[in-house]
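Single-structure report; data block below.
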Amino acid sequence: MKKAILATKVGMTQIFNEDGTLVPVTVLQAGPCVVTQIKTVENDGYSAVQVGFVDKKERITNKDKSGKKEVVHRHGVNKAMKGHFDKAGVSCKRFVREFKLEGAEEYALGSEIKADVFAAGDKIDASAISKGKGFQGAIKRHGQHRGPMAHGSKFHRHQGSNGACSSPSRVFKGKGMPGHMGCVKVTVQNLEVVRVDAEKNLLLVKGAVPGPKKALVTIKESVKTMA
């Protein structure tokens with residue numbers, strides 16, 4: 001992997017190419033990410049760069065009259081993580097991820113990775129947590145077919161036969177059943193970067209990117225680039 005960055009999903013829109021072709025794009029707020037740690041083969045057994053993204057408040061604790069600690073920013077950065085960020089000389093970050101980049105030793109602590117690492121025409125892989133759909137039936141969850149909708153039919157939107165009663169007398173693992181849908185990690189490969197706004201750190205990616213708005217998206221250079 002040569003380049004990667006963290007981003008948040010802004011939403012979708014459409015733009016026009018120079019030849020007038022309409023292109024649906026997803027707008028991503030990519031970076032700036034700061035390098036919080038550099039891992040080397042000598043110290044950690046592998047080479048990687050740890051980056052932080054989006055500022056986060058420090059967890060502040062005060063003592064009340066009884067002497068007990070009262071947490072003010074309950075979801076802030078704890079003391080251990082604050083020490084980790086202070087060592088790198090950067091502000092506290094909400095998201096921390098690792099990238100096994102080529103030439104990781106060339107990076108410096110506190111250096112920034114911005115959207116301009118990518119250029120128009122680059123192929124990328126986008127990973128994010130997909131939208132949660134809640135509890136859904138087998139038709140929507142697995143794309144199964146429904147039964148006859150006639151009045152005499154007792155099979156409309158059921159998932160079909162679950163298993164024979166005598167043998168094997170159980171439901172096989174992996175059977176398509178109703179259940180929780182979505183809210184899983186999804187990676188879409190070979191997306192094309194249509195436009196890069198270096199000043200605002202925006203990436204315009206052709207097509208859809210997984211996840212809802214404001215979701216964290218991991219952008220990496222495509223591993224299976226197609227012509």
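Letters A, B, ... go to the chains of the structure tokens in the order shown; residues in each chain start at 1; ligands are counted from 1 in the same order.
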
Original post:
Do you know which residues are at most 12 Å from His84 of chain A counting only C-alpha atoms, after dropping those on the same chain fewer than 3 positions away, and could you put them as an NGL selection string?
Top reply: :A and (35-37 or 50-52 or 77-81 or 87-93 or 96 or 109)

Writing out the chosen residues with all heavy atoms as a compact mmCIF listing (two decimals), in the first residue's frame:
```
# COMPACT_ATOMS: atom_id res chain seq x y z
N VAL A 35 0.19 12.10 11.99
CA VAL A 35 0.91 10.89 12.38
C VAL A 35 1.12 10.91 13.89
O VAL A 35 1.76 11.80 14.43
CB VAL A 35 2.26 10.80 11.64
CG1 VAL A 35 3.03 9.57 12.09
CG2 VAL A 35 2.04 10.78 10.13
N THR A 36 0.55 9.91 14.57
CA THR A 36 0.66 9.83 16.04
C THR A 36 1.69 8.82 16.51
O THR A 36 2.12 8.86 17.65
CB THR A 36 -0.71 9.46 16.65
OG1 THR A 36 -1.17 8.23 16.08
CG2 THR A 36 -1.72 10.56 16.34
N GLN A 37 2.08 7.89 15.63
CA GLN A 37 3.10 6.90 16.01
C GLN A 37 3.66 6.26 14.75
O GLN A 37 2.94 6.05 13.77
CB GLN A 37 2.50 5.82 16.92
CG GLN A 37 3.54 4.85 17.48
CD GLN A 37 2.92 3.80 18.39
OE1 GLN A 37 1.70 3.73 18.54
NE2 GLN A 37 3.74 3.00 19.02
N GLN A 50 0.74 5.06 12.34
CA GLN A 50 -0.52 5.26 13.07
C GLN A 50 -0.94 6.72 12.91
O GLN A 50 -0.14 7.63 13.14
CB GLN A 50 -0.35 4.93 14.55
CG GLN A 50 -1.63 5.01 15.35
CD GLN A 50 -1.37 4.89 16.84
OE1 GLN A 50 -1.12 5.88 17.52
NE2 GLN A 50 -1.43 3.67 17.35
N VAL A 51 -2.18 6.93 12.50
CA VAL A 51 -2.66 8.29 12.24
C VAL A 51 -3.90 8.56 13.08
O VAL A 51 -4.65 7.64 13.44
CB VAL A 51 -2.98 8.50 10.75
CG1 VAL A 51 -1.74 8.29 9.90
CG2 VAL A 51 -4.09 7.57 10.28
N GLY A 52 -4.11 9.82 13.41
CA GLY A 52 -5.28 10.26 14.14
C GLY A 52 -6.09 11.23 13.29
O GLY A 52 -5.56 11.95 12.44
N VAL A 77 -11.10 11.97 25.88
CA VAL A 77 -9.91 11.13 25.82
C VAL A 77 -9.39 10.92 27.24
O VAL A 77 -9.24 11.87 28.02
CB VAL A 77 -8.83 11.79 24.94
CG1 VAL A 77 -7.56 10.98 24.93
CG2 VAL A 77 -9.36 11.96 23.52
N ASN A 78 -9.09 9.67 27.60
CA ASN A 78 -8.60 9.39 28.94
C ASN A 78 -7.13 9.78 29.08
O ASN A 78 -6.47 10.18 28.11
CB ASN A 78 -8.83 7.91 29.31
CG ASN A 78 -8.17 6.97 28.32
OD1 ASN A 78 -7.17 7.32 27.70
ND2 ASN A 78 -8.74 5.78 28.18
N LYS A 79 -6.60 9.61 30.28
CA LYS A 79 -5.24 10.07 30.58
C LYS A 79 -4.19 9.28 29.79
O LYS A 79 -3.18 9.84 29.35
CB LYS A 79 -4.97 9.94 32.07
CG LYS A 79 -3.65 10.56 32.52
CD LYS A 79 -3.44 10.41 34.02
CE LYS A 79 -4.44 11.22 34.80
NZ LYS A 79 -4.17 11.16 36.26
N ALA A 80 -4.43 7.98 29.61
CA ALA A 80 -3.45 7.16 28.89
C ALA A 80 -3.34 7.60 27.43
O ALA A 80 -2.24 7.75 26.89
CB ALA A 80 -3.84 5.69 28.98
N MET A 81 -4.49 7.80 26.77
CA MET A 81 -4.46 8.22 25.38
C MET A 81 -3.93 9.64 25.24
O MET A 81 -3.25 9.98 24.27
CB MET A 81 -5.85 8.12 24.77
CG MET A 81 -6.32 6.71 24.52
SD MET A 81 -5.23 5.79 23.42
CE MET A 81 -5.37 6.73 21.91
N LYS A 87 2.96 12.69 23.56
CA LYS A 87 4.29 12.20 23.15
C LYS A 87 4.54 12.50 21.68
O LYS A 87 5.67 12.79 21.28
CB LYS A 87 4.38 10.70 23.42
CG LYS A 87 5.75 10.11 23.14
CD LYS A 87 5.78 8.64 23.50
CE LYS A 87 7.15 8.03 23.21
NZ LYS A 87 7.20 6.58 23.55
N ALA A 88 3.48 12.44 20.88
CA ALA A 88 3.61 12.75 19.46
C ALA A 88 3.55 14.24 19.18
O ALA A 88 3.83 14.67 18.06
CB ALA A 88 2.52 12.03 18.67
N GLY A 89 3.15 15.02 20.19
CA GLY A 89 3.06 16.47 20.01
C GLY A 89 1.87 16.91 19.20
O GLY A 89 1.94 17.93 18.50
N VAL A 90 0.75 16.16 19.31
CA VAL A 90 -0.46 16.50 18.56
C VAL A 90 -1.63 16.60 19.53
O VAL A 90 -1.56 16.15 20.67
CB VAL A 90 -0.77 15.44 17.47
CG1 VAL A 90 0.38 15.37 16.48
CG2 VAL A 90 -1.03 14.08 18.09
N SER A 91 -2.72 17.20 19.07
CA SER A 91 -3.92 17.30 19.88
C SER A 91 -4.62 15.95 19.95
O SER A 91 -4.37 15.05 19.14
CB SER A 91 -4.86 18.37 19.32
OG SER A 91 -5.22 18.05 17.98
N CYS A 92 -5.52 15.80 20.93
CA CYS A 92 -6.24 14.54 21.10
C CYS A 92 -7.14 14.28 19.89
O CYS A 92 -7.79 15.19 19.38
CB CYS A 92 -7.07 14.57 22.38
SG CYS A 92 -6.08 14.77 23.88
N LYS A 93 -7.19 13.04 19.46
CA LYS A 93 -7.94 12.66 18.28
C LYS A 93 -9.03 11.65 18.62
O LYS A 93 -8.89 10.86 19.55
CB LYS A 93 -7.02 12.09 17.20
CG LYS A 93 -5.94 13.07 16.73
CD LYS A 93 -6.54 14.30 16.09
CE LYS A 93 -5.47 15.29 15.64
NZ LYS A 93 -6.06 16.52 15.05
N VAL A 96 -8.26 6.69 15.65
CA VAL A 96 -6.86 6.30 15.51
C VAL A 96 -6.82 4.99 14.73
O VAL A 96 -7.44 4.00 15.13
CB VAL A 96 -6.18 6.13 16.88
CG1 VAL A 96 -4.73 5.70 16.70
CG2 VAL A 96 -6.24 7.42 17.69
N LEU A 109 6.70 12.27 13.28
CA LEU A 109 5.62 12.44 14.22
C LEU A 109 5.01 13.83 14.08
O LEU A 109 5.73 14.83 14.00
CB LEU A 109 6.11 12.23 15.66
CG LEU A 109 6.39 10.79 16.09
CD1 LEU A 109 6.96 10.77 17.50
CD2 LEU A 109 5.13 9.96 16.02
```

Contacts of segment 11-50 of chain A with segment 189-207 of chain A up to 10 Å, shortest pair per row, only C-alpha atoms, as JSON lines:
```
{"residue": "A:Met12", "atom": "CA", "partner": "A:Gly207", "partner_atom": "CA", "distance": 8.6}
{"residue": "A:Thr13", "atom": "CA", "partner": "A:Leu204", "partner_atom": "CA", "distance": 9.2}
{"residue": "A:Gln14", "atom": "CA", "partner": "A:Lys206", "partner_atom": "CA", "distance": 9.1}
{"residue": "A:Ile15", "atom": "CA", "partner": "A:Leu204", "partner_atom": "CA", "distance": 9.3}
{"residue": "A:Asn17", "atom": "CA", "partner": "A:Val194", "partner_atom": "CA", "distance": 9.1}
{"residue": "A:Val23", "atom": "CA", "partner": "A:Lys206", "partner_atom": "CA", "distance": 6.8}
{"residue": "A:Pro24", "atom": "CA", "partner": "A:Gly207", "partner_atom": "CA", "distance": 5.7}
{"residue": "A:Val25", "atom": "CA", "partner": "A:Lys206", "partner_atom": "CA", "distance": 4.4}
{"residue": "A:Thr26", "atom": "CA", "partner": "A:Val205", "partner_atom": "CA", "distance": 5.1}
{"residue": "A:Val27", "atom": "CA", "partner": "A:Leu204", "partner_atom": "CA", "distance": 4.8}
{"residue": "A:Leu28", "atom": "CA", "partner": "A:Leu203", "partner_atom": "CA", "distance": 5.1}
{"residue": "A:Gln29", "atom": "CA", "partner": "A:Leu202", "partner_atom": "CA", "distance": 4.9}
{"residue": "A:Ala30", "atom": "CA", "partner": "A:Asn201", "partner_atom": "CA", "distance": 5.5}
{"residue": "A:Gly31", "atom": "CA", "partner": "A:Asn201", "partner_atom": "CA", "distance": 6.2}
{"residue": "A:Pro32", "atom": "CA", "partner": "A:Asn201", "partner_atom": "CA", "distance": 7.0}
```

Just the selected residues (all heavy atoms), exported as an mmCIF file, in the first residue's frame, please.
```cif
data_model
loop_
_atom_site.group_PDB
_atom_site.id
_atom_site.type_symbol
_atom_site.label_atom_id
_atom_site.label_comp_id
_atom_site.auth_asym_id
_atom_site.auth_seq_id
_atom_site.Cartn_x
_atom_site.Cartn_y
_atom_site.Cartn_z
ATOM 1 N N MET A 12 -23.928 12.719 -0.985
ATOM 2 C CA MET A 12 -23.815 12.497 -2.423
ATOM 3 C C MET A 12 -24.327 13.702 -3.204
ATOM 4 O O MET A 12 -25.194 14.437 -2.730
ATOM 5 C CB MET A 12 -24.591 11.249 -2.851
ATOM 6 C CG MET A 12 -23.978 9.939 -2.385
ATOM 7 S SD MET A 12 -24.580 8.503 -3.311
ATOM 8 C CE MET A 12 -23.840 8.776 -4.926
ATOM 9 N N THR A 13 -23.763 13.889 -4.378
ATOM 10 C CA THR A 13 -24.194 14.947 -5.284
ATOM 11 C C THR A 13 -23.849 14.494 -6.701
ATOM 12 O O THR A 13 -23.541 13.323 -6.915
ATOM 13 C CB THR A 13 -23.514 16.285 -4.940
ATOM 14 O OG1 THR A 13 -24.030 17.303 -5.794
ATOM 15 C CG2 THR A 13 -22.016 16.208 -5.094
ATOM 16 N N GLN A 14 -23.886 15.414 -7.633
ATOM 17 C CA GLN A 14 -23.546 15.078 -9.009
ATOM 18 C C GLN A 14 -22.781 16.236 -9.636
ATOM 19 O O GLN A 14 -23.014 17.398 -9.311
ATOM 20 C CB GLN A 14 -24.803 14.772 -9.825
ATOM 21 C CG GLN A 14 -25.825 15.892 -9.858
ATOM 22 C CD GLN A 14 -27.143 15.466 -10.484
ATOM 23 O OE1 GLN A 14 -27.449 14.285 -10.545
ATOM 24 N NE2 GLN A 14 -27.905 16.437 -10.962
ATOM 25 N N ILE A 15 -21.860 15.889 -10.522
ATOM 26 C CA ILE A 15 -21.063 16.896 -11.225
ATOM 27 C C ILE A 15 -21.078 16.551 -12.711
ATOM 28 O O ILE A 15 -21.524 15.475 -13.110
ATOM 29 C CB ILE A 15 -19.611 16.961 -10.703
ATOM 30 C CG1 ILE A 15 -18.922 15.607 -10.910
ATOM 31 C CG2 ILE A 15 -19.569 17.372 -9.250
ATOM 32 C CD1 ILE A 15 -17.442 15.623 -10.560
ATOM 33 N N ASN A 17 -18.680 16.281 -16.234
ATOM 34 C CA ASN A 17 -17.335 16.229 -16.802
ATOM 35 C C ASN A 17 -17.169 17.302 -17.868
ATOM 36 O O ASN A 17 -18.107 18.032 -18.200
ATOM 37 C CB ASN A 17 -17.072 14.842 -17.412
ATOM 38 C CG ASN A 17 -16.830 13.804 -16.336
ATOM 39 O OD1 ASN A 17 -16.459 14.135 -15.217
ATOM 40 N ND2 ASN A 17 -17.038 12.538 -16.695
ATOM 41 N N VAL A 23 -22.009 12.800 -13.653
ATOM 42 C CA VAL A 23 -21.367 11.759 -12.849
ATOM 43 C C VAL A 23 -21.869 11.859 -11.420
ATOM 44 O O VAL A 23 -21.692 12.906 -10.768
ATOM 45 C CB VAL A 23 -19.831 11.900 -12.874
ATOM 46 C CG1 VAL A 23 -19.181 10.795 -12.047
ATOM 47 C CG2 VAL A 23 -19.312 11.874 -14.301
ATOM 48 N N PRO A 24 -22.520 10.816 -10.881
ATOM 49 C CA PRO A 24 -22.888 10.827 -9.463
ATOM 50 C C PRO A 24 -21.651 10.578 -8.600
ATOM 51 O O PRO A 24 -20.874 9.658 -8.862
ATOM 52 C CB PRO A 24 -23.882 9.672 -9.353
ATOM 53 C CG PRO A 24 -23.514 8.754 -10.464
ATOM 54 C CD PRO A 24 -22.975 9.607 -11.586
ATOM 55 N N VAL A 25 -21.463 11.396 -7.581
ATOM 56 C CA VAL A 25 -20.254 11.301 -6.755
ATOM 57 C C VAL A 25 -20.627 11.345 -5.276
ATOM 58 O O VAL A 25 -21.669 11.881 -4.886
ATOM 59 C CB VAL A 25 -19.262 12.434 -7.066
ATOM 60 C CG1 VAL A 25 -18.726 12.331 -8.477
ATOM 61 C CG2 VAL A 25 -19.895 13.797 -6.834
ATOM 62 N N THR A 26 -19.750 10.756 -4.470
ATOM 63 C CA THR A 26 -19.838 10.838 -3.016
ATOM 64 C C THR A 26 -18.761 11.800 -2.531
ATOM 65 O O THR A 26 -17.590 11.671 -2.910
ATOM 66 C CB THR A 26 -19.634 9.460 -2.370
ATOM 67 O OG1 THR A 26 -20.626 8.560 -2.857
ATOM 68 C CG2 THR A 26 -19.756 9.554 -0.854
ATOM 69 N N VAL A 27 -19.138 12.756 -1.711
ATOM 70 C CA VAL A 27 -18.200 13.752 -1.188
ATOM 71 C C VAL A 27 -17.657 13.253 0.144
ATOM 72 O O VAL A 27 -18.423 12.915 1.055
ATOM 73 C CB VAL A 27 -18.884 15.116 -1.018
ATOM 74 C CG1 VAL A 27 -17.872 16.152 -0.537
ATOM 75 C CG2 VAL A 27 -19.528 15.556 -2.328
ATOM 76 N N LEU A 28 -16.328 13.211 0.264
ATOM 77 C CA LEU A 28 -15.665 12.743 1.479
ATOM 78 C C LEU A 28 -14.763 13.837 2.023
ATOM 79 O O LEU A 28 -13.998 14.447 1.273
ATOM 80 C CB LEU A 28 -14.834 11.493 1.193
ATOM 81 C CG LEU A 28 -15.577 10.266 0.653
ATOM 82 C CD1 LEU A 28 -14.584 9.179 0.286
ATOM 83 C CD2 LEU A 28 -16.578 9.757 1.670
ATOM 84 N N GLN A 29 -14.886 14.088 3.334
ATOM 85 C CA GLN A 29 -13.976 15.011 4.012
ATOM 86 C C GLN A 29 -12.754 14.210 4.423
ATOM 87 O O GLN A 29 -12.731 13.548 5.461
ATOM 88 C CB GLN A 29 -14.655 15.629 5.236
ATOM 89 C CG GLN A 29 -13.803 16.656 5.982
ATOM 90 C CD GLN A 29 -13.639 17.939 5.202
ATOM 91 O OE1 GLN A 29 -14.603 18.475 4.686
ATOM 92 N NE2 GLN A 29 -12.412 18.428 5.129
ATOM 93 N N ALA A 30 -11.710 14.238 3.596
ATOM 94 C CA ALA A 30 -10.531 13.394 3.778
ATOM 95 C C ALA A 30 -9.422 14.181 4.466
ATOM 96 O O ALA A 30 -8.788 15.041 3.858
ATOM 97 C CB ALA A 30 -10.051 12.868 2.434
ATOM 98 N N GLY A 31 -9.208 13.874 5.746
ATOM 99 C CA GLY A 31 -8.130 14.527 6.481
ATOM 100 C C GLY A 31 -8.497 15.929 6.912
ATOM 101 O O GLY A 31 -9.661 16.349 6.803
ATOM 102 N N PRO A 32 -7.509 16.663 7.412
ATOM 103 C CA PRO A 32 -6.116 16.221 7.543
ATOM 104 C C PRO A 32 -5.924 15.228 8.687
ATOM 105 O O PRO A 32 -6.497 15.396 9.764
ATOM 106 C CB PRO A 32 -5.365 17.532 7.816
ATOM 107 C CG PRO A 32 -6.386 18.420 8.457
ATOM 108 C CD PRO A 32 -7.704 18.049 7.848
#
```

Subject >> Test item: residues at most 12 Å from Lys175 of chain A, only C-alpha atoms, excluding those fewer than 4 positions along its chain, as a ChimeraX atom specification >> reply: /A:138,142,144,159-163,170-171,179

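Proximity of A:Phe155, A:Phe53, A:Phe99, A:Tyr46 to Thr8 of chain A, computed with only C-alpha atoms, is greatest for A:Phe53.
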
**OP:** For segment 212-215 of chain A, list every protein, DNA or RNA residue within 6 Å, evaluated using only C-alpha atoms, and leave out those in the same chain fewer than 3 positions away; present the list as number ranges by chain.
**Re:** A: 8-11, 131

File dump, residues just selected, N, CA and C atoms, as a PDB file, in the first residue's frame:
```pdb
ATOM      1  N   THR A   8     -14.488  11.308   6.499  1.00  0.00           N
ATOM      2  CA  THR A   8     -15.881  11.211   6.924  1.00  0.00           C
ATOM      3  C   THR A   8     -16.774  11.487   5.724  1.00  0.00           C
ATOM      4  N   LYS A   9     -17.906  10.790   5.689  1.00  0.00           N
ATOM      5  CA  LYS A   9     -18.810  10.902   4.554  1.00  0.00           C
ATOM      6  C   LYS A   9     -19.678  12.139   4.700  1.00  0.00           C
ATOM      7  N   VAL A  10     -19.650  13.013   3.701  1.00  0.00           N
ATOM      8  CA  VAL A  10     -20.446  14.237   3.695  1.00  0.00           C
ATOM      9  C   VAL A  10     -21.811  13.988   3.073  1.00  0.00           C
ATOM     10  N   GLY A  11     -21.844  13.284   1.958  1.00  0.00           N
ATOM     11  CA  GLY A  11     -23.100  13.014   1.265  1.00  0.00           C
ATOM     12  C   GLY A  11     -22.842  12.786  -0.216  1.00  0.00           C
ATOM     13  N   LYS A 131     -25.022   1.050   6.755  1.00  0.00           N
ATOM     14  CA  LYS A 131     -26.207   1.521   7.461  1.00  0.00           C
ATOM     15  C   LYS A 131     -26.919   0.357   8.140  1.00  0.00           C
TER      16      LYS A 131
END
```

**OP:** Run DSSP on the backbone of this structure and report the residues of segment 2-224 of chain A it assigns to strand (DSSP E), as an NGL selection string.
**Re:** :A and (4-16 or 22-30 or 33-39 or 48-55 or 61-63 or 69-71 or 93-99 or 112-113 or 123-129 or 132-136 or 179-182 or 185-197 or 202-206 or 216-221)

Identify, on the basis of only C-alpha atoms, every residue whose closest approach to Gly147 of chain A does not exceed 9 Å; exclude the query and any residue fewer than 5 positions from it along the same chain; express the result as a tab-separated table (two decimals) with all heavy atoms, in the first residue's frame.
```tsv
chain	number	residue	atom	x	y	z
A	153	SER	N	-53.17	-19.57	-0.05
A	153	SER	CA	-51.76	-19.86	0.25
A	153	SER	C	-51.44	-19.48	1.69
A	153	SER	O	-51.84	-18.43	2.19
A	153	SER	CB	-50.85	-19.09	-0.70
A	153	SER	OG	-49.50	-19.23	-0.32
A	154	LYS	N	-50.70	-20.33	2.35
A	154	LYS	CA	-50.23	-20.04	3.71
A	154	LYS	C	-48.73	-19.72	3.72
A	154	LYS	O	-48.11	-19.72	4.76
A	154	LYS	CB	-50.52	-21.23	4.62
A	154	LYS	CG	-52.00	-21.51	4.80
A	154	LYS	CD	-52.24	-22.65	5.77
A	154	LYS	CE	-53.75	-22.91	5.94
A	154	LYS	NZ	-54.01	-24.02	6.88
A	155	PHE	N	-48.19	-19.50	2.53
A	155	PHE	CA	-46.76	-19.18	2.41
A	155	PHE	C	-46.62	-17.91	1.58
A	155	PHE	O	-46.76	-17.93	0.35
A	155	PHE	CB	-46.02	-20.35	1.73
A	155	PHE	CG	-44.59	-20.04	1.38
A	155	PHE	CD1	-43.66	-19.84	2.38
A	155	PHE	CD2	-44.19	-19.93	0.06
A	155	PHE	CE1	-42.34	-19.54	2.07
A	155	PHE	CE2	-42.88	-19.62	-0.26
A	155	PHE	CZ	-41.96	-19.43	0.75
A	156	HIS	N	-46.38	-16.78	2.25
A	156	HIS	CA	-46.28	-15.49	1.56
A	156	HIS	C	-44.84	-14.95	1.61
A	156	HIS	O	-44.17	-14.86	0.60
A	156	HIS	CB	-47.25	-14.48	2.16
A	156	HIS	CG	-48.68	-14.88	2.03
A	156	HIS	ND1	-49.32	-14.99	0.81
A	156	HIS	CD2	-49.61	-15.20	2.96
A	156	HIS	CE1	-50.58	-15.35	0.98
A	156	HIS	NE2	-50.78	-15.49	2.29
A	157	ARG	N	-44.38	-14.60	2.79
A	157	ARG	CA	-43.05	-14.01	2.92
A	157	ARG	C	-42.17	-14.80	3.91
A	157	ARG	O	-41.24	-14.26	4.49
A	157	ARG	CB	-43.18	-12.55	3.38
A	157	ARG	CG	-43.88	-11.65	2.36
A	157	ARG	CD	-43.96	-10.23	2.87
A	157	ARG	NE	-42.65	-9.63	2.99
A	157	ARG	CZ	-42.03	-8.97	2.02
A	157	ARG	NH1	-42.59	-8.86	0.82
A	157	ARG	NH2	-40.84	-8.43	2.22
A	158	HIS	N	-42.47	-16.07	4.07
A	158	HIS	CA	-41.66	-16.93	4.93
A	158	HIS	C	-40.37	-17.30	4.21
A	158	HIS	O	-40.29	-17.23	2.98
A	158	HIS	CB	-42.46	-18.18	5.29
A	158	HIS	CG	-41.86	-18.98	6.41
A	158	HIS	ND1	-41.00	-20.03	6.19
A	158	HIS	CD2	-41.99	-18.88	7.74
A	158	HIS	CE1	-40.63	-20.54	7.34
A	158	HIS	NE2	-41.22	-19.86	8.31
A	160	GLY	N	-39.09	-20.16	3.71
A	160	GLY	CA	-39.09	-21.48	3.10
A	160	GLY	C	-38.89	-22.56	4.14
A	160	GLY	O	-38.97	-22.33	5.35
```

**OP:** Tell me which protein, DNA and RNA residues are within 9 Å of Val117 of chain A, counting only C-alpha atoms, leaving out same-chain ones fewer than 6 positions away, and put them as an MDAnalysis selection string.
**Re:** chainID A and resid 3:5

**OP:** May I ask which of the residues A:Lys185, A:Ile124, A:Glu58, A:Asn43 is the closest one to Gly83 of chain A, counting only C-alpha atoms?
**Re:** A:Glu58

**OP:** Give me every helix (DSSP H, G or I) residue in segment 5-202 of chain A, going by DSSP on the backbone, as an MDAnalysis selection string.
**Re:** chainID A and resid 41:44 79:88 104:106 115:117 138:142

Subject >> Computed interatomic separation between atom CA of Gly152 of chain A and atom CA of Ile139 of chain A (Å) >> reply: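 About the pair atom CA of Gly152 of chain A and atom CA of Ile139 of chain A: they are 20.6 Å apart.
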
**OP:** Would you mind listing what lies within 9 Å of Lys100 of chain A as a PyMOL selection string, with only C-alpha atoms counted and same-chain residues fewer than 5 positions away left out?
**Re:** chain A and resi 1-2+46-50

Subject >> Interatomic distance (Å, one decimal) between atom CA of Lys57 of chain A and atom CA of Ser111 of chain A >> reply: 20.6 Å

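Using only C-alpha atoms for every distance, the candidate list A:Leu22, A:Ala126, A:Val184, A:Val223 yields A:Ala126 as the residue closest to Ala7 of chain A.
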